[in-house]
Structure formats: structure tokens, C-alpha cells
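**Q** Here you go, data-v9.cif (mmCIF, C-alpha atoms):
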data_work
loop_
_atom_site.group_PDB
_atom_site.id
_atom_site.type_symbol
_atom_site.label_atom_id
_atom_site.label_comp_id
_atom_site.auth_asym_id
_atom_site.auth_seq_id
_atom_site.Cartn_x
_atom_site.Cartn_y
_atom_site.Cartn_z
ATOM 1 C CA MET A 1 -35.871 -13.615 114.433
ATOM 2 C CA LYS A 2 -36.975 -17.214 114.658
ATOM 3 C CA ARG A 3 -34.474 -17.845 117.462
ATOM 4 C CA LEU A 4 -36.674 -15.769 119.785
ATOM 5 C CA PHE A 5 -39.708 -17.872 119.111
ATOM 6 C CA MET A 6 -37.806 -21.091 119.325
ATOM 7 C CA ALA A 7 -36.708 -19.977 122.785
ATOM 8 C CA LEU A 8 -40.353 -19.406 123.622
ATOM 9 C CA LEU A 9 -41.605 -22.658 122.229
ATOM 10 C CA SER A 10 -38.708 -25.050 122.331
ATOM 11 C CA ILE A 11 -39.410 -26.724 125.630
ATOM 12 C CA ALA A 12 -40.243 -29.986 123.957
ATOM 13 C CA LEU A 13 -36.564 -30.392 123.262
ATOM 14 C CA ALA A 14 -36.008 -31.098 126.891
ATOM 15 C CA GLY A 15 -38.814 -33.546 127.070
ATOM 16 C CA SER A 16 -37.597 -35.929 124.453
ATOM 17 C CA SER A 17 -34.755 -37.623 126.313
ATOM 18 C CA TYR A 18 -34.794 -40.858 128.182
ATOM 19 C CA HIS A 19 -33.019 -40.624 131.522
ATOM 20 C CA LYS A 20 -32.589 -44.202 132.658
ATOM 21 C CA GLU A 21 -33.069 -45.796 129.247
ATOM 22 C CA VAL A 22 -30.356 -43.736 127.541
ATOM 23 C CA LYS A 23 -27.763 -44.899 130.029
ATOM 24 C CA GLU A 24 -28.648 -48.500 129.246
ATOM 25 C CA MET A 25 -28.474 -48.183 125.464
ATOM 26 C CA SER A 26 -25.555 -49.629 123.543
ATOM 27 C CA ILE A 27 -24.262 -48.269 120.276
ATOM 28 C CA ASP A 28 -24.048 -51.750 118.728
ATOM 29 C CA SER A 29 -26.753 -53.387 116.664
ATOM 30 C CA HIS A 30 -28.214 -55.102 119.738
ATOM 31 C CA SER A 31 -29.534 -51.723 120.938
ATOM 32 C CA TYR A 32 -32.153 -51.739 118.182
ATOM 33 C CA GLN A 33 -35.588 -53.009 119.179
ATOM 34 C CA PHE A 34 -38.321 -53.917 116.749
ATOM 35 C CA ASN A 35 -41.006 -52.494 119.044
ATOM 36 C CA PRO A 36 -39.393 -50.390 121.791
ATOM 37 C CA LYS A 37 -41.293 -49.450 124.907
ATOM 38 C CA PRO A 38 -42.932 -45.986 124.900
ATOM 39 C CA LEU A 39 -41.095 -43.007 126.356
ATOM 40 C CA ASP A 40 -41.771 -43.328 130.075
ATOM 41 C CA ASP A 41 -38.844 -41.752 131.916
ATOM 42 C CA ASP A 42 -39.163 -39.054 134.585
ATOM 43 C CA TRP A 43 -38.212 -36.268 132.185
ATOM 44 C CA SER A 44 -40.759 -37.187 129.535
ATOM 45 C CA ARG A 45 -43.532 -37.548 132.120
ATOM 46 C CA TRP A 46 -42.611 -34.135 133.527
ATOM 47 C CA ILE A 47 -42.631 -32.273 130.234
ATOM 48 C CA VAL A 48 -46.010 -33.482 128.936
ATOM 49 C CA GLY A 49 -48.690 -30.839 129.360
ATOM 50 C CA CYS A 50 -49.473 -27.226 128.525
ATOM 51 C CA TRP A 51 -46.939 -24.447 129.099
ATOM 52 C CA GLU A 52 -46.950 -20.673 128.630
ATOM 53 C CA GLY A 53 -44.338 -17.974 128.920
ATOM 54 C CA SER A 54 -42.360 -15.210 127.266
ATOM 55 C CA GLY A 55 -38.949 -14.577 125.767
ATOM 56 C CA GLU A 56 -36.726 -11.923 124.308
ATOM 57 C CA SER A 57 -33.643 -11.460 122.177
ATOM 58 C CA THR A 58 -31.868 -8.860 120.114
ATOM 59 C CA ALA A 59 -34.512 -9.393 117.442
ATOM 60 C CA GLY A 60 -37.517 -8.678 119.634
ATOM 61 C CA LYS A 61 -39.923 -10.011 122.239
ATOM 62 C CA GLY A 62 -42.885 -12.359 122.338
ATOM 63 C CA LYS A 63 -45.148 -14.488 124.478
ATOM 64 C CA GLY A 64 -46.388 -17.941 123.697
ATOM 65 C CA ARG A 65 -48.123 -21.148 124.652
ATOM 66 C CA SER A 66 -47.105 -24.755 123.929
ATOM 67 C CA THR A 67 -48.757 -28.144 124.229
ATOM 68 C CA ILE A 68 -46.616 -31.265 124.551
ATOM 69 C CA GLU A 69 -48.012 -34.762 124.260
ATOM 70 C CA LEU A 70 -46.910 -38.305 123.553
ATOM 71 C CA GLY A 71 -47.835 -39.540 120.081
ATOM 72 C CA LEU A 72 -47.506 -42.567 117.809
ATOM 73 C CA ASN A 73 -48.041 -45.061 120.615
ATOM 74 C CA GLY A 74 -45.866 -43.051 122.939
ATOM 75 C CA GLN A 75 -42.729 -43.285 120.791
ATOM 76 C CA PHE A 76 -42.490 -39.545 120.096
ATOM 77 C CA LEU A 77 -43.000 -36.326 121.997
ATOM 78 C CA ILE A 78 -44.947 -33.892 119.826
ATOM 79 C CA MET A 79 -44.966 -30.182 120.615
ATOM 80 C CA THR A 80 -47.191 -27.592 118.992
ATOM 81 C CA GLY A 81 -46.814 -23.953 119.896
ATOM 82 C CA GLU A 82 -48.018 -20.486 119.045
ATOM 83 C CA ALA A 83 -46.490 -17.126 119.904
ATOM 84 C CA GLU A 84 -47.629 -13.530 119.708
ATOM 85 C CA ILE A 85 -44.997 -11.061 118.549
ATOM 86 C CA THR A 86 -45.087 -8.179 121.007
ATOM 87 C CA GLU A 87 -42.017 -6.233 119.881
ATOM 88 C CA VAL A 88 -39.515 -6.381 117.023
ATOM 89 C CA SER A 89 -36.309 -4.606 116.088
ATOM 90 C CA PRO A 90 -36.813 -3.622 112.420
ATOM 91 C CA ASP A 91 -33.227 -2.491 111.923
ATOM 92 C CA TYR A 92 -31.894 -5.781 113.267
ATOM 93 C CA LEU A 93 -34.237 -7.831 111.078
ATOM 94 C CA LYS A 94 -33.333 -5.860 107.971
ATOM 95 C CA ARG A 95 -29.610 -6.059 108.645
ATOM 96 C CA ASN A 96 -29.348 -9.703 109.713
ATOM 97 C CA MET A 97 -32.401 -11.396 108.191
ATOM 98 C CA HIS A 98 -32.705 -9.252 105.037
ATOM 99 C CA ALA A 99 -36.374 -8.667 105.925
ATOM 100 C CA SER A 100 -38.413 -6.113 104.006
ATOM 101 C CA ASP A 101 -40.838 -3.672 105.631
ATOM 102 C CA GLU A 102 -43.751 -5.652 104.173
ATOM 103 C CA GLU A 103 -42.411 -8.928 105.582
ATOM 104 C CA ILE A 104 -41.881 -7.417 109.033
ATOM 105 C CA GLN A 105 -45.384 -5.967 109.100
ATOM 106 C CA ARG A 106 -46.916 -9.275 108.022
ATOM 107 C CA PHE A 107 -44.813 -11.132 110.578
ATOM 108 C CA GLN A 108 -46.058 -8.936 113.411
ATOM 109 C CA SER A 109 -49.690 -9.237 112.348
ATOM 110 C CA MET A 110 -49.764 -13.052 112.375
ATOM 111 C CA PRO A 111 -49.094 -15.574 115.133
ATOM 112 C CA TYR A 112 -45.896 -17.563 114.896
ATOM 113 C CA ARG A 113 -46.571 -21.320 114.918
ATOM 114 C CA VAL A 114 -44.227 -24.257 115.352
ATOM 115 C CA LEU A 115 -44.307 -28.057 115.294
ATOM 116 C CA GLU A 116 -41.510 -30.070 116.893
ATOM 117 C CA VAL A 117 -41.169 -33.859 117.115
ATOM 118 C CA TYR A 118 -38.654 -35.735 119.306
ATOM 119 C CA THR A 119 -37.553 -39.251 120.095
ATOM 120 C CA ILE A 120 -34.418 -41.185 121.052
ATOM 121 C CA ASP A 121 -31.949 -42.705 118.601
ATOM 122 C CA GLN A 122 -31.879 -46.343 119.649
ATOM 123 C CA LYS A 123 -28.304 -46.886 118.523
ATOM 124 C CA THR A 124 -26.667 -43.805 120.061
ATOM 125 C CA GLY A 125 -29.050 -42.817 122.843
ATOM 126 C CA GLU A 126 -29.093 -39.243 121.508
ATOM 127 C CA VAL A 127 -32.144 -37.032 121.518
ATOM 128 C CA VAL A 128 -33.302 -36.515 117.926
ATOM 129 C CA GLY A 129 -35.533 -33.592 116.975
ATOM 130 C CA TYR A 130 -37.257 -32.197 113.905
ATOM 131 C CA MET A 131 -38.707 -28.693 113.695
ATOM 132 C CA PHE A 132 -41.071 -27.016 111.220
ATOM 133 C CA ASP A 133 -42.497 -23.525 111.595
ATOM 134 C CA SER A 134 -44.723 -20.927 109.996
ATOM 135 C CA LEU A 135 -41.693 -19.162 108.495
ATOM 136 C CA ARG A 136 -41.174 -22.340 106.445
ATOM 137 C CA CYS A 137 -38.030 -23.137 108.402
ATOM 138 C CA ILE A 138 -36.909 -26.737 108.760
ATOM 139 C CA ALA A 139 -34.279 -27.949 111.207
ATOM 140 C CA THR A 140 -32.916 -31.208 112.570
ATOM 141 C CA GLY A 141 -31.336 -31.496 115.985
ATOM 142 C CA ARG A 142 -29.289 -33.917 118.045
ATOM 143 C CA GLY A 143 -28.240 -33.675 121.643
ATOM 144 C CA LYS A 144 -28.080 -35.109 125.106
ATOM 145 C CA ARG A 145 -29.318 -34.596 128.612
ATOM 146 C CA GLN A 146 -27.106 -33.790 131.591
ATOM 147 C CA ALA A 147 -28.695 -33.577 135.053
ATOM 148 C CA ASN A 148 -31.651 -31.154 134.690
ATOM 149 C CA LYS A 149 -30.541 -29.750 131.335
ATOM 150 C CA GLU A 150 -30.901 -30.843 127.761
ATOM 151 C CA ILE A 151 -28.548 -29.492 125.117
ATOM 152 C CA ILE A 152 -29.521 -29.756 121.457
ATOM 153 C CA ASN A 153 -27.404 -28.734 118.470
ATOM 154 C CA TRP A 154 -29.589 -27.687 115.556
ATOM 155 C CA GLN A 155 -28.744 -27.718 111.867
ATOM 156 C CA TRP A 156 -31.011 -25.399 109.897
ATOM 157 C CA GLN A 157 -31.970 -25.893 106.262
ATOM 158 C CA THR A 158 -30.571 -22.421 105.591
ATOM 159 C CA GLY A 159 -27.114 -23.684 106.575
ATOM 160 C CA HIS A 160 -26.664 -21.996 109.946
ATOM 161 C CA LYS A 161 -26.455 -23.724 113.305
ATOM 162 C CA SER A 162 -27.666 -23.019 116.819
ATOM 163 C CA THR A 163 -27.500 -24.572 120.276
ATOM 164 C CA ARG A 164 -30.503 -24.720 122.578
ATOM 165 C CA ILE A 165 -30.308 -25.421 126.304
ATOM 166 C CA THR A 166 -33.506 -26.291 128.150
ATOM 167 C CA GLU A 167 -33.370 -26.469 131.939
ATOM 168 C CA LYS A 168 -35.869 -27.951 134.354
ATOM 169 C CA VAL A 169 -36.023 -25.257 137.050
ATOM 170 C CA SER A 170 -38.846 -26.917 139.019
ATOM 171 C CA ASN A 171 -41.828 -29.191 138.431
ATOM 172 C CA ASP A 172 -43.758 -26.248 136.974
ATOM 173 C CA LYS A 173 -41.051 -24.046 135.459
ATOM 174 C CA MET A 174 -38.377 -24.266 132.780
ATOM 175 C CA ALA A 175 -35.849 -21.916 131.233
ATOM 176 C CA VAL A 176 -34.642 -21.943 127.625
ATOM 177 C CA VAL A 177 -31.555 -20.330 126.106
ATOM 178 C CA GLU A 178 -30.651 -20.489 122.416
ATOM 179 C CA ARG A 179 -27.371 -19.239 120.998
ATOM 180 C CA THR A 180 -26.832 -18.639 117.298
ATOM 181 C CA PRO A 181 -23.470 -17.619 115.789
ATOM 182 C CA MET A 182 -23.895 -14.665 113.441
ATOM 183 C CA PRO A 183 -21.948 -13.853 110.239
ATOM 184 C CA ASP A 184 -20.266 -10.862 111.898
ATOM 185 C CA GLY A 185 -18.689 -13.127 114.524
ATOM 186 C CA GLY A 186 -21.133 -12.252 117.271
ATOM 187 C CA VAL A 187 -23.616 -14.578 118.939
ATOM 188 C CA MET A 188 -27.318 -13.863 119.148
ATOM 189 C CA GLU A 189 -28.733 -15.126 122.428
ATOM 190 C CA ASP A 190 -32.421 -15.682 123.081
ATOM 191 C CA ARG A 191 -33.893 -16.363 126.507
ATOM 192 C CA GLY A 192 -37.315 -17.512 127.597
ATOM 193 C CA GLU A 193 -39.159 -18.961 130.580
ATOM 194 C CA MET A 194 -42.193 -21.231 130.560
ATOM 195 C CA ILE A 195 -44.635 -22.008 133.372
ATOM 196 C CA ARG A 196 -46.965 -24.999 133.449
ATOM 197 C CA CYS A 197 -50.579 -24.037 132.820
ATOM 198 C CA LYS A 198 -52.675 -24.914 135.852
ATOM 199 C CA ASN A 199 -55.933 -25.063 133.920
ATOM 200 C CA THR A 200 -55.499 -27.000 130.686
ATOM 201 C CA GLU A 201 -59.177 -27.415 129.837
ATOM 202 C CA LYS A 202 -60.061 -26.104 126.402
#
Could I get this file's structure written as C-alpha cells?
**A**
Amino acid sequence: MKRLFMALLSIALAGSSYHKEVKEMSIDSHSYQFNPKPLDDDWSRWIVGCWEGSGESTAGKGKGRSTIELGLNGQFLIMTGEAEITEVSPDYLKRNMHASDEEIQRFQSMPYRVLEVYTIDQKTGEVVGYMFDSLRCIATGRGKRQANKEIINWQWQTGHKSTRITEKVSNDKMAVVERTPMPDGGVMEDRGEMIRCKNTEK
């Protein structure tokens, strides 16, 4: 089920990659800098802000809102997000996630929240991500950016893996797809779209 909400709220993945800087990085020890410059590439500048959208998958549907900002002197992109669960597939959750009726009911009655942190590995130039959510999930990701897409391969604490693709559709729109191999040999695919919030005043 968490794949759906990661698709809703995972846009910070895309924002964490250098564009020009990554190309210039070497994998030798000389690529390490004691005090690297803050993230200041086109992609990172584009992704910072407030976004909202919706997504769906086999597990259900939801709508959410995310805020992305530079933190720790601009060395990391930090994304916080919250989603409302609008529809779930109880049979799917019971079969694939071993969820009980009580867990499903509690899940629907509470917002889903997520924290994601991203930066660039100085030695490899890869995007590095860390994710924590209100289901007590923990994941680490590594990936790269190609043209207007960023592809991140996630390793979840539970042992499974997933691949998330975030695409810059326009200055104010992005699309996210996450694919997760399932034990039965199938692949669960989650899709979401996010639009930049025009009014970000709180």
C-alpha cells in the first residue's frame, strides 16, 4: 500500500540530483570536498516549493501535498508530505500486505505522512535518498538523472525493492511512477501527478 503514497509524495527524489555538477564529478578521492557548494543546479531550483496531486495503484487511491526545501546549508533537499487515503482495496491489502481489518480501518482514518532526504554522493555522483514514513517504513535509495527523468532504486528495510521514476513534465507539473516486484511474479505499479501550488502562504 505504501507504494501508492510514495508515488504521491516522492517528487523530492527528482529534485535531489545535480545536473551540471554530477557530470563533473570524478569517482576518485579528489571528488571529495570538505565543504561542497550547496545544491544549486536547475533541477534542484525547479523542485523546491509546494506541490499537490493524486495517485492510484492496485492497492487504492489517495491525494496529497508535499513541501520541498533546501536544508543543512543547502546540502540536502528535504521533503515532507501528507496524503489522504480516499480509497483502498481491502482484499489486496489482506492478501499482499497481510493487513488486518483493524489495521486497514486505522490506516484509512489517519493521514499518511512521509519524510525524505536527498543529496549527491560526492564520489559517484549518484543521487542518494533516505525515506521514513508513518507506517514505520525505512528505505534507502540510489539512482541517477537522465534528461528530464530521475530513476531511483529503493531498498526497503523489509527486504523488497522498488524503482521510482520521476519526470519533469513542465515547470509546474511532474509525473511519478513506482514499480514494485511482487512475490507472485507480478509487478505492482503506482502512478501519480503533482502540480505546483500557486499560493504557498500558510
**Q** List as a PyMOL selection string the protein and nucleic acid residues near segment 128-137 of chain A, meaning an atom at most 6 Å away when all atoms listed in the file are counted, but skip any in the same chain fewer than 5 places from it.
**A** chain A and resi 113-120+142
**Q** Suppose we keep C-alpha atoms; can you now write the selection as a PDB file, in the coordinates of the input?
**A**
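Okay, result.pdb is ready:
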ATOM      1  CA  ARG A 113     -46.571 -21.320 114.918  1.00  0.00           C
ATOM      2  CA  VAL A 114     -44.227 -24.257 115.352  1.00  0.00           C
ATOM      3  CA  LEU A 115     -44.307 -28.057 115.294  1.00  0.00           C
ATOM      4  CA  GLU A 116     -41.510 -30.070 116.893  1.00  0.00           C
ATOM      5  CA  VAL A 117     -41.169 -33.859 117.115  1.00  0.00           C
ATOM      6  CA  TYR A 118     -38.654 -35.735 119.306  1.00  0.00           C
ATOM      7  CA  THR A 119     -37.553 -39.251 120.095  1.00  0.00           C
ATOM      8  CA  ILE A 120     -34.418 -41.185 121.052  1.00  0.00           C
ATOM      9  CA  ARG A 142     -29.289 -33.917 118.045  1.00  0.00           C
TER      10      ARG A 142
END
**Q** If the PyMOL selection byres ((chain A and resi 158) around 9) is run on the structure shown, which residues does it catch, given as a compact mmCIF listing (two decimals) with C-alpha atoms, in the coordinates of the input?
**A**
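Generated output (part_39.txt):
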# COMPACT_ATOMS: atom_id res chain seq x y z
CA CYS A 137 -38.03 -23.14 108.40
CA ILE A 138 -36.91 -26.74 108.76
CA ALA A 139 -34.28 -27.95 111.21
CA GLN A 155 -28.74 -27.72 111.87
CA TRP A 156 -31.01 -25.40 109.90
CA GLN A 157 -31.97 -25.89 106.26
CA GLY A 159 -27.11 -23.68 106.58
CA HIS A 160 -26.66 -22.00 109.95
CA LYS A 161 -26.46 -23.72 113.30
**Q** One decimal, Å: what's the distance from atom CA of Thr80 of chain A over to atom CA of Glu52 of chain A, could you say?
**A** 11.9 Å
**Q** So which one's closest to Met194 of chain A, A:Pro90, A:Pro36, A:Gly55, A:Pro181? Using all atoms listed in the file, please.
**A**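 Residue with the minimum atom-to-atom distance to Met194 of chain A: A:Gly55.
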**Q** Starting from the displayed file, determine the output of the PyMOL selection byres ((chain A and resi 53) around 7) and express the residue list as a list in words.
**A** Leu8, Trp51, Glu52, Ser54, Lys63, Gly64, Arg65, Glu193, Met194 and Ile195 of chain A
**Q** With distances taken over only C-alpha atoms, which of A:Thr86, A:Asn96, A:Gly141, A:Gly60 is nearest to Arg191 of chain A?
**A**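 The answer is A:Gly60, which sits nearest to Arg191 of chain A.
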**Q** Hey, can you check how far atom CA of Ser162 of chain A sits from atom CA of Glu178 of chain A?
**A** 6.8 Å
**Q** So what do you get for atom CA of Asn148 of chain A versus atom CA of Ala83 of chain A, distance-wise?
**A**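 Between atom CA of Asn148 of chain A and atom CA of Ala83 of chain A the gap is 25.2 Å.
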**Q** Mind telling me what the PyMOL selection byres ((chain A and resi 151) around 10) catches here, as a PyMOL selection string?
**A** chain A and resi 13-14+127+141-146+149-150+152-154+163-167+177-178
**Q** Padding 3 Å on each side, edges along x, y and z: where is the centre of the box around the listed atoms of segment 120-129 of chain A, and how long are its edges in Å to one decimal? Output it as JSON.
**A**
{"center_x": -31.1, "center_y": -40.2, "center_z": 119.9, "size_x": 14.9, "size_y": 19.3, "size_z": 11.9}
**Q** Measuring between all atoms listed in the file, which one of A:Ser57, A:Ser66, A:Gln33, A:Ser109 shows the shortest distance to Tyr92 of chain A?
**A**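 Closest residue, counting all atoms listed in the file: A:Ser57.
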**Q** Please return, as a ChimeraX atom specification, all polymer residues that have at least one atom within 7 Å of the point (-44.0, -29.6, 124.1); use only C-alpha atoms and the file's own coordinate frame.
**A** /A:11-12,47-48,66-69,78-80
**Q** Pick out the residues sitting within 12 Å of Ile104 of chain A, and hand them over as JSON, numbers by chain; count all atoms listed in the file, and ignore anything fewer than 3 positions along from it in its own chain.
**A** {"A": [1, 59, 60, 85, 87, 88, 89, 90, 91, 92, 93, 94, 97, 98, 99, 100, 101, 107, 108, 109, 110, 135]}
**Q** Please, could N, CA and C atoms be added to segment 150-186 of chain A and the result written as a CSV table (one decimal), in the coordinates of the input?
**A**
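Below is the file part_27.csv, written as the result:
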chain,number,residue,atom,x,y,z
A,150,GLU,N,-31.0,-30.2,129.0
A,150,GLU,CA,-30.9,-30.8,127.8
A,150,GLU,C,-30.3,-29.9,126.8
A,151,ILE,N,-29.3,-30.3,126.1
A,151,ILE,CA,-28.5,-29.5,125.1
A,151,ILE,C,-28.7,-30.1,123.7
A,152,ILE,N,-29.3,-29.3,122.8
A,152,ILE,CA,-29.5,-29.8,121.5
A,152,ILE,C,-28.8,-28.8,120.5
A,153,ASN,N,-28.1,-29.5,119.6
A,153,ASN,CA,-27.4,-28.7,118.5
A,153,ASN,C,-28.3,-28.9,117.2
A,154,TRP,N,-28.7,-27.7,116.7
A,154,TRP,CA,-29.6,-27.7,115.6
A,154,TRP,C,-28.8,-27.4,114.3
A,155,GLN,N,-29.2,-28.0,113.2
A,155,GLN,CA,-28.7,-27.7,111.9
A,155,GLN,C,-29.9,-27.2,111.1
A,156,TRP,N,-29.9,-26.0,110.6
A,156,TRP,CA,-31.0,-25.4,109.9
A,156,TRP,C,-30.9,-25.6,108.4
A,157,GLN,N,-32.0,-25.7,107.7
A,157,GLN,CA,-32.0,-25.9,106.3
A,157,GLN,C,-31.3,-24.7,105.6
A,158,THR,N,-31.2,-23.6,106.2
A,158,THR,CA,-30.6,-22.4,105.6
A,158,THR,C,-29.0,-22.5,105.7
A,159,GLY,N,-28.6,-23.5,106.5
A,159,GLY,CA,-27.1,-23.7,106.6
A,159,GLY,C,-26.5,-23.3,107.9
A,160,HIS,N,-27.2,-22.4,108.7
A,160,HIS,CA,-26.7,-22.0,109.9
A,160,HIS,C,-27.0,-23.0,111.0
A,161,LYS,N,-26.3,-22.8,112.2
A,161,LYS,CA,-26.5,-23.7,113.3
A,161,LYS,C,-26.8,-22.9,114.6
A,162,SER,N,-27.4,-23.6,115.5
A,162,SER,CA,-27.7,-23.0,116.8
A,162,SER,C,-27.6,-24.1,117.9
A,163,THR,N,-27.5,-23.7,119.1
A,163,THR,CA,-27.5,-24.6,120.3
A,163,THR,C,-28.6,-24.1,121.3
A,164,ARG,N,-29.4,-25.0,121.7
A,164,ARG,CA,-30.5,-24.7,122.6
A,164,ARG,C,-30.3,-25.5,123.9
A,165,ILE,N,-30.4,-24.8,125.0
A,165,ILE,CA,-30.3,-25.4,126.3
A,165,ILE,C,-31.6,-25.2,127.0
A,166,THR,N,-32.3,-26.3,127.4
A,166,THR,CA,-33.5,-26.3,128.2
A,166,THR,C,-33.2,-26.8,129.5
A,167,GLU,N,-33.6,-26.1,130.6
A,167,GLU,CA,-33.4,-26.5,131.9
A,167,GLU,C,-34.7,-26.6,132.7
A,168,LYS,N,-34.8,-27.7,133.4
A,168,LYS,CA,-35.9,-28.0,134.4
A,168,LYS,C,-35.6,-27.2,135.6
A,169,VAL,N,-36.2,-26.1,135.9
A,169,VAL,CA,-36.0,-25.3,137.0
A,169,VAL,C,-36.8,-25.8,138.2
A,170,SER,N,-38.0,-26.3,138.0
A,170,SER,CA,-38.8,-26.9,139.0
A,170,SER,C,-39.9,-27.8,138.3
A,171,ASN,N,-40.8,-28.4,139.1
A,171,ASN,CA,-41.8,-29.2,138.4
A,171,ASN,C,-42.7,-28.4,137.5
A,172,ASP,N,-42.8,-27.1,137.8
A,172,ASP,CA,-43.8,-26.2,137.0
A,172,ASP,C,-43.1,-25.1,136.3
A,173,LYS,N,-41.8,-25.2,136.1
A,173,LYS,CA,-41.1,-24.0,135.5
A,173,LYS,C,-39.8,-24.6,134.7
A,174,MET,N,-39.6,-24.0,133.5
A,174,MET,CA,-38.4,-24.3,132.8
A,174,MET,C,-37.8,-23.0,132.1
A,175,ALA,N,-36.5,-23.0,131.9
A,175,ALA,CA,-35.8,-21.9,131.2
A,175,ALA,C,-35.2,-22.4,130.0
A,176,VAL,N,-35.2,-21.6,128.9
A,176,VAL,CA,-34.6,-21.9,127.6
A,176,VAL,C,-33.7,-20.8,127.2
A,177,VAL,N,-32.5,-21.3,126.7
A,177,VAL,CA,-31.6,-20.3,126.1
A,177,VAL,C,-31.1,-20.9,124.8
A,178,GLU,N,-31.1,-20.1,123.7
A,178,GLU,CA,-30.7,-20.5,122.4
A,178,GLU,C,-29.6,-19.5,121.9
A,179,ARG,N,-28.5,-20.1,121.5
A,179,ARG,CA,-27.4,-19.2,121.0
A,179,ARG,C,-27.1,-19.6,119.5
A,180,THR,N,-27.0,-18.5,118.7
A,180,THR,CA,-26.8,-18.6,117.3
A,180,THR,C,-25.7,-17.8,116.8
A,181,PRO,N,-24.6,-18.4,116.3
A,181,PRO,CA,-23.5,-17.6,115.8
A,181,PRO,C,-23.9,-16.8,114.6
A,182,MET,N,-23.5,-15.6,114.5
A,182,MET,CA,-23.9,-14.7,113.4
A,182,MET,C,-22.7,-14.5,112.5
A,183,PRO,N,-23.0,-14.0,111.2
A,183,PRO,CA,-21.9,-13.9,110.2
A,183,PRO,C,-20.9,-12.9,110.7
A,184,ASP,N,-21.2,-11.9,111.5
A,184,ASP,CA,-20.3,-10.9,111.9
A,184,ASP,C,-19.4,-11.3,113.0
A,185,GLY,N,-19.5,-12.6,113.5
A,185,GLY,CA,-18.7,-13.1,114.5
A,185,GLY,C,-19.3,-13.1,115.9
A,186,GLY,N,-20.4,-12.3,116.0
A,186,GLY,CA,-21.1,-12.3,117.3
A,186,GLY,C,-22.1,-13.4,117.5
